[in-house]
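**Q** Dropping the structure in here first, questions after.
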Amino acid sequence: MNKHHAPSIGTLLRDWRQRRRFSQLDLALEAEISQKHLSFIESGRSRPSREMVLLLAEHLTVPLRERNALFLAAGYAPIYLERSLEDPTLKAARSAIDLILKGHEPYPALAVDRHWTLLAANGAVTRLLGLVADAELLRPPVNVLRLSLHPQGLAPFIVNYGEWRDHLLARLRQQVRATADGTLGALLGELSDYPQPGGAAKGHHDIEAEAGIVVPMQLRLGDAVLSLISTTTVFGTPVDITLSELALETFFPADAATAEALHALAAPGG
C-alpha cells in the first residue's frame with residue numbers, strides 16, 4: 001500500500017520556478033547563487049538553509065501562505081502569521097481599511113480576501129446589493145465574483161455582462177497562474193459555466209482582456225445606467241498572511257451622470 005508523501009522542498013521550488021517560467025540558470029542569476037547549488041537543492045542532494053528558502057521564495061514571488069509551506073517542507077517552522085482582521089494586533093490595519101471604505105462614499109468600495117470573499121463594504125455597496133434576487137448569495141461567506149456573475153445575482157443588471165465577465169475571468173485566470181490556488185481554480189471553473197443572461201452583450205476574450213485594460217461595469221439601476229471603473233489597492237510589503245491576501249476594490253464613476261446618481265442614492269431618502 002503506497003503512502004502519500006508530501007512534496008519535498010526541492011520539488012516545490014522547482015514547481016514554482018517552472019510556474020514563473022524561469023530556467024535554473026535564470027533563477028540562479030537572479031538569486032546570485034550557482035546553478036549547481038540550485039540544481040542540488042531541487043534534486044534533494046542539498047538541504048537549503050532557512051535564509052536560502054527565503055531568498056528563492058522572494059525571487060519567485062511566492063505568496064506568504066505558500067512560503068510557509070516551503071519552510072515546512074525544508075524542515076523549518078513557518079515564519080508568517082495569519083490573524084483575523086479582528087485581532088487587536090491588526091487594529092491599525094483594520095482602522096485604515098474602514099477609513100478608506102467610508103471615505104470613498106458615495107462610491108462603492110469593498111475589501112476581499114484571496115478567494116474574493118467579502119470582508120467589509122461601505123454603504124454604497126450595500127445599496128447596490130439590494131438588486132440581488134437570491135438571498136443565499138448574500139449569506140456569509142459572500143463571494144463577490146459569484147455575486148457579480150451569478151444569474152440570480154447582479155448579472156441581469158450588468159448591461160455589458162459579456163465584457164465584464166471576460167474582464168473578471170481574465171483577472172481570475174491570472175490569479176490562478178500566480179498562486180496555484182485550488183480554490184480559485186474551482187471558482188474559475190464554476191464562473192465559466194454560468195449562462196449569460198438573455199440579451200447580454202457578448203464578450204470578446206482577447207489579448208487586451210488578458211492584459212487587464214480598464215473595463216467599466218455598466219449597471220442598470222432603474223432607468224439609469226451606472227458606469228463604474230474599478231481600482232485595486234493592496235498593502236505594501238505585508239508580513240502577515242491576512243494582510244498580504246487582502247485587497248481593496250474601489251469603484252469610481254466613469255461619467256458625470258453616474259456620479260450624480262450615486263450621490264442621489266446616498267442622500268437621505270435616496
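Quick note on naming: the chains in the C-alpha cells go A, B, ... in the order shown, residues restart at 1 in each chain, and ligands are numbered from 1 in order of appearance.
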DSSP on the backbone: what in segment 111-180 of chain A comes out alpha helix (DSSP H), as a PyMOL selection string?
**A** chain A and resi 123-128+144-149+161-179
**Q** Those selected residues, please, written with N, CA and C atoms and delivered as a PDB file, in the first residue's frame.
**A**
ATOM      1  N   GLY A 123     -21.470  51.695   2.539  1.00  0.00           N
ATOM      2  CA  GLY A 123     -22.910  51.794   2.328  1.00  0.00           C
ATOM      3  C   GLY A 123     -23.305  51.772   0.866  1.00  0.00           C
ATOM      4  N   ALA A 124     -22.444  52.276  -0.011  1.00  0.00           N
ATOM      5  CA  ALA A 124     -22.766  52.286  -1.438  1.00  0.00           C
ATOM      6  C   ALA A 124     -22.899  50.865  -1.969  1.00  0.00           C
ATOM      7  N   VAL A 125     -22.021  49.956  -1.506  1.00  0.00           N
ATOM      8  CA  VAL A 125     -22.111  48.557  -1.920  1.00  0.00           C
ATOM      9  C   VAL A 125     -23.401  47.938  -1.380  1.00  0.00           C
ATOM     10  N   THR A 126     -23.708  48.215  -0.123  1.00  0.00           N
ATOM     11  CA  THR A 126     -24.925  47.670   0.491  1.00  0.00           C
ATOM     12  C   THR A 126     -26.165  48.078  -0.284  1.00  0.00           C
ATOM     13  N   ARG A 127     -26.195  49.316  -0.747  1.00  0.00           N
ATOM     14  CA  ARG A 127     -27.360  49.784  -1.518  1.00  0.00           C
ATOM     15  C   ARG A 127     -27.487  49.031  -2.842  1.00  0.00           C
ATOM     16  N   LEU A 128     -26.365  48.786  -3.502  1.00  0.00           N
ATOM     17  CA  LEU A 128     -26.404  48.077  -4.784  1.00  0.00           C
ATOM     18  C   LEU A 128     -26.771  46.604  -4.615  1.00  0.00           C
ATOM     19  N   VAL A 144     -17.705  37.741  -3.940  1.00  0.00           N
ATOM     20  CA  VAL A 144     -18.139  38.865  -4.766  1.00  0.00           C
ATOM     21  C   VAL A 144     -18.106  38.550  -6.262  1.00  0.00           C
ATOM     22  N   LEU A 145     -17.223  37.645  -6.692  1.00  0.00           N
ATOM     23  CA  LEU A 145     -17.233  37.270  -8.109  1.00  0.00           C
ATOM     24  C   LEU A 145     -18.478  36.448  -8.432  1.00  0.00           C
ATOM     25  N   ARG A 146     -18.826  35.527  -7.548  1.00  0.00           N
ATOM     26  CA  ARG A 146     -20.054  34.748  -7.731  1.00  0.00           C
ATOM     27  C   ARG A 146     -21.264  35.682  -7.722  1.00  0.00           C
ATOM     28  N   LEU A 147     -21.247  36.637  -6.806  1.00  0.00           N
ATOM     29  CA  LEU A 147     -22.341  37.607  -6.691  1.00  0.00           C
ATOM     30  C   LEU A 147     -22.488  38.421  -7.972  1.00  0.00           C
ATOM     31  N   SER A 148     -21.370  38.749  -8.603  1.00  0.00           N
ATOM     32  CA  SER A 148     -21.395  39.568  -9.823  1.00  0.00           C
ATOM     33  C   SER A 148     -21.910  38.800 -11.030  1.00  0.00           C
ATOM     34  N   LEU A 149     -21.499  37.542 -11.179  1.00  0.00           N
ATOM     35  CA  LEU A 149     -21.752  36.809 -12.418  1.00  0.00           C
ATOM     36  C   LEU A 149     -22.890  35.800 -12.328  1.00  0.00           C
ATOM     37  N   TYR A 161     -22.545  42.701 -19.717  1.00  0.00           N
ATOM     38  CA  TYR A 161     -22.209  41.497 -18.950  1.00  0.00           C
ATOM     39  C   TYR A 161     -21.075  40.691 -19.595  1.00  0.00           C
ATOM     40  N   GLY A 162     -21.157  40.461 -20.898  1.00  0.00           N
ATOM     41  CA  GLY A 162     -20.141  39.654 -21.558  1.00  0.00           C
ATOM     42  C   GLY A 162     -18.752  40.246 -21.409  1.00  0.00           C
ATOM     43  N   GLU A 163     -18.647  41.541 -21.617  1.00  0.00           N
ATOM     44  CA  GLU A 163     -17.356  42.221 -21.497  1.00  0.00           C
ATOM     45  C   GLU A 163     -16.849  42.186 -20.056  1.00  0.00           C
ATOM     46  N   TRP A 164     -17.758  42.452 -19.087  1.00  0.00           N
ATOM     47  CA  TRP A 164     -17.378  42.465 -17.678  1.00  0.00           C
ATOM     48  C   TRP A 164     -16.996  41.061 -17.214  1.00  0.00           C
ATOM     49  N   ARG A 165     -17.736  40.057 -17.696  1.00  0.00           N
ATOM     50  CA  ARG A 165     -17.433  38.664 -17.369  1.00  0.00           C
ATOM     51  C   ARG A 165     -16.035  38.301 -17.863  1.00  0.00           C
ATOM     52  N   ASP A 166     -15.710  38.640 -19.107  1.00  0.00           N
ATOM     53  CA  ASP A 166     -14.384  38.334 -19.652  1.00  0.00           C
ATOM     54  C   ASP A 166     -13.289  39.018 -18.836  1.00  0.00           C
ATOM     55  N   HIS A 167     -13.562  40.248 -18.407  1.00  0.00           N
ATOM     56  CA  HIS A 167     -12.596  41.004 -17.609  1.00  0.00           C
ATOM     57  C   HIS A 167     -12.336  40.307 -16.276  1.00  0.00           C
ATOM     58  N   LEU A 168     -13.404  39.917 -15.576  1.00  0.00           N
ATOM     59  CA  LEU A 168     -13.247  39.263 -14.278  1.00  0.00           C
ATOM     60  C   LEU A 168     -12.577  37.901 -14.408  1.00  0.00           C
ATOM     61  N   LEU A 169     -12.977  37.134 -15.425  1.00  0.00           N
ATOM     62  CA  LEU A 169     -12.384  35.803 -15.602  1.00  0.00           C
ATOM     63  C   LEU A 169     -10.902  35.910 -15.975  1.00  0.00           C
ATOM     64  N   ALA A 170     -10.536  36.945 -16.739  1.00  0.00           N
ATOM     65  CA  ALA A 170      -9.120  37.139 -17.077  1.00  0.00           C
ATOM     66  C   ALA A 170      -8.306  37.430 -15.817  1.00  0.00           C
ATOM     67  N   ARG A 171      -8.852  38.255 -14.935  1.00  0.00           N
ATOM     68  CA  ARG A 171      -8.173  38.544 -13.666  1.00  0.00           C
ATOM     69  C   ARG A 171      -8.029  37.278 -12.833  1.00  0.00           C
ATOM     70  N   LEU A 172      -9.103  36.484 -12.807  1.00  0.00           N
ATOM     71  CA  LEU A 172      -9.082  35.260 -12.016  1.00  0.00           C
ATOM     72  C   LEU A 172      -8.076  34.254 -12.581  1.00  0.00           C
ATOM     73  N   ARG A 173      -8.005  34.164 -13.910  1.00  0.00           N
ATOM     74  CA  ARG A 173      -7.016  33.266 -14.527  1.00  0.00           C
ATOM     75  C   ARG A 173      -5.593  33.673 -14.131  1.00  0.00           C
ATOM     76  N   GLN A 174      -5.336  34.963 -14.126  1.00  0.00           N
ATOM     77  CA  GLN A 174      -4.015  35.453 -13.747  1.00  0.00           C
ATOM     78  C   GLN A 174      -3.699  35.078 -12.309  1.00  0.00           C
ATOM     79  N   GLN A 175      -4.700  35.170 -11.433  1.00  0.00           N
ATOM     80  CA  GLN A 175      -4.500  34.794 -10.033  1.00  0.00           C
ATOM     81  C   GLN A 175      -4.200  33.308  -9.888  1.00  0.00           C
ATOM     82  N   VAL A 176      -4.943  32.495 -10.630  1.00  0.00           N
ATOM     83  CA  VAL A 176      -4.729  31.044 -10.567  1.00  0.00           C
ATOM     84  C   VAL A 176      -3.308  30.708 -11.021  1.00  0.00           C
ATOM     85  N   ARG A 177      -2.860  31.347 -12.098  1.00  0.00           N
ATOM     86  CA  ARG A 177      -1.500  31.099 -12.593  1.00  0.00           C
ATOM     87  C   ARG A 177      -0.451  31.548 -11.578  1.00  0.00           C
ATOM     88  N   ALA A 178      -0.729  32.667 -10.911  1.00  0.00           N
ATOM     89  CA  ALA A 178       0.258  33.237  -9.991  1.00  0.00           C
ATOM     90  C   ALA A 178       0.335  32.482  -8.679  1.00  0.00           C
ATOM     91  N   THR A 179      -0.792  31.919  -8.221  1.00  0.00           N
ATOM     92  CA  THR A 179      -0.837  31.338  -6.884  1.00  0.00           C
ATOM     93  C   THR A 179      -0.976  29.821  -6.859  1.00  0.00           C
TER      94      THR A 179
END
**Q** Let's see if you can do this: from backbone DSSP, list all strand (DSSP E) residues in segment 31-231 of chain A, as a list of chain:residue names.
**A** A:Ala109, A:Leu110, A:Ala111, A:Val112, A:Leu118, A:Leu119, A:Ala120, A:Ala121, A:Met217, A:Gln218, A:Leu219, A:Arg220, A:Leu221, A:Ala224, A:Val225, A:Leu226, A:Ser227, A:Leu228, A:Ile229, A:Ser230, A:Thr231
**Q** Write a file of the selected residues as a compact mmCIF listing (two decimals), in the first residue's frame, keeping C-alpha atoms.
**A**
# COMPACT_ATOMS: atom_id res chain seq x y z
CA ALA A 109 -15.77 50.16 -2.11
CA LEU A 110 -15.15 46.77 -0.54
CA ALA A 111 -12.44 44.58 0.95
CA VAL A 112 -11.91 40.97 -0.16
CA LEU A 118 -16.31 39.84 1.12
CA LEU A 119 -14.69 41.07 4.35
CA ALA A 120 -16.07 44.60 4.56
CA ALA A 121 -18.01 47.05 2.41
CA MET A 217 -19.05 47.81 -15.21
CA GLN A 218 -22.27 49.21 -16.60
CA LEU A 219 -25.02 48.53 -14.10
CA ARG A 220 -28.69 49.21 -14.80
CA LEU A 221 -30.39 50.82 -11.83
CA ALA A 224 -30.32 54.87 -15.20
CA VAL A 225 -27.14 53.03 -16.22
CA LEU A 226 -24.24 53.43 -13.82
CA SER A 227 -20.82 53.22 -15.45
CA LEU A 228 -18.13 52.30 -12.91
CA ILE A 229 -14.42 51.66 -13.23
CA SER A 230 -12.54 49.80 -10.51
CA THR A 231 -9.09 50.03 -8.96
**Q** Compare A:Glu66, A:Glu30, A:Thr183, A:Gly222 by their minimum atom-to-atom distance to Trp116 of chain A, counting only C-alpha atoms, and give me the closest one.
**A**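 When distances to Trp116 of chain A are compared using only C-alpha atoms, the smallest one comes from A:Thr183.
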**Q** Hey, which bits of segment 213-265 of chain A sit within 8 Å of segment 77-83 of chain A, and for each residue what's the closest pair of atoms and how far apart in Å (one decimal), counting only C-alpha atoms, rows by chain and increasing number, as a tab-separated table?
**A**
residue	atom	partner	partner_atom	distance
A:Val239	CA	A:Tyr80	CA	6.4
A:Asp240	CA	A:Leu81	CA	5.3
A:Ile241	CA	A:Glu82	CA	4.9
A:Thr242	CA	A:Glu82	CA	5.5
**Q** Atom CA of Ile158 of chain A and atom CA of Gly130 of chain A, how far apart in Å?
**A** 14.1 Å
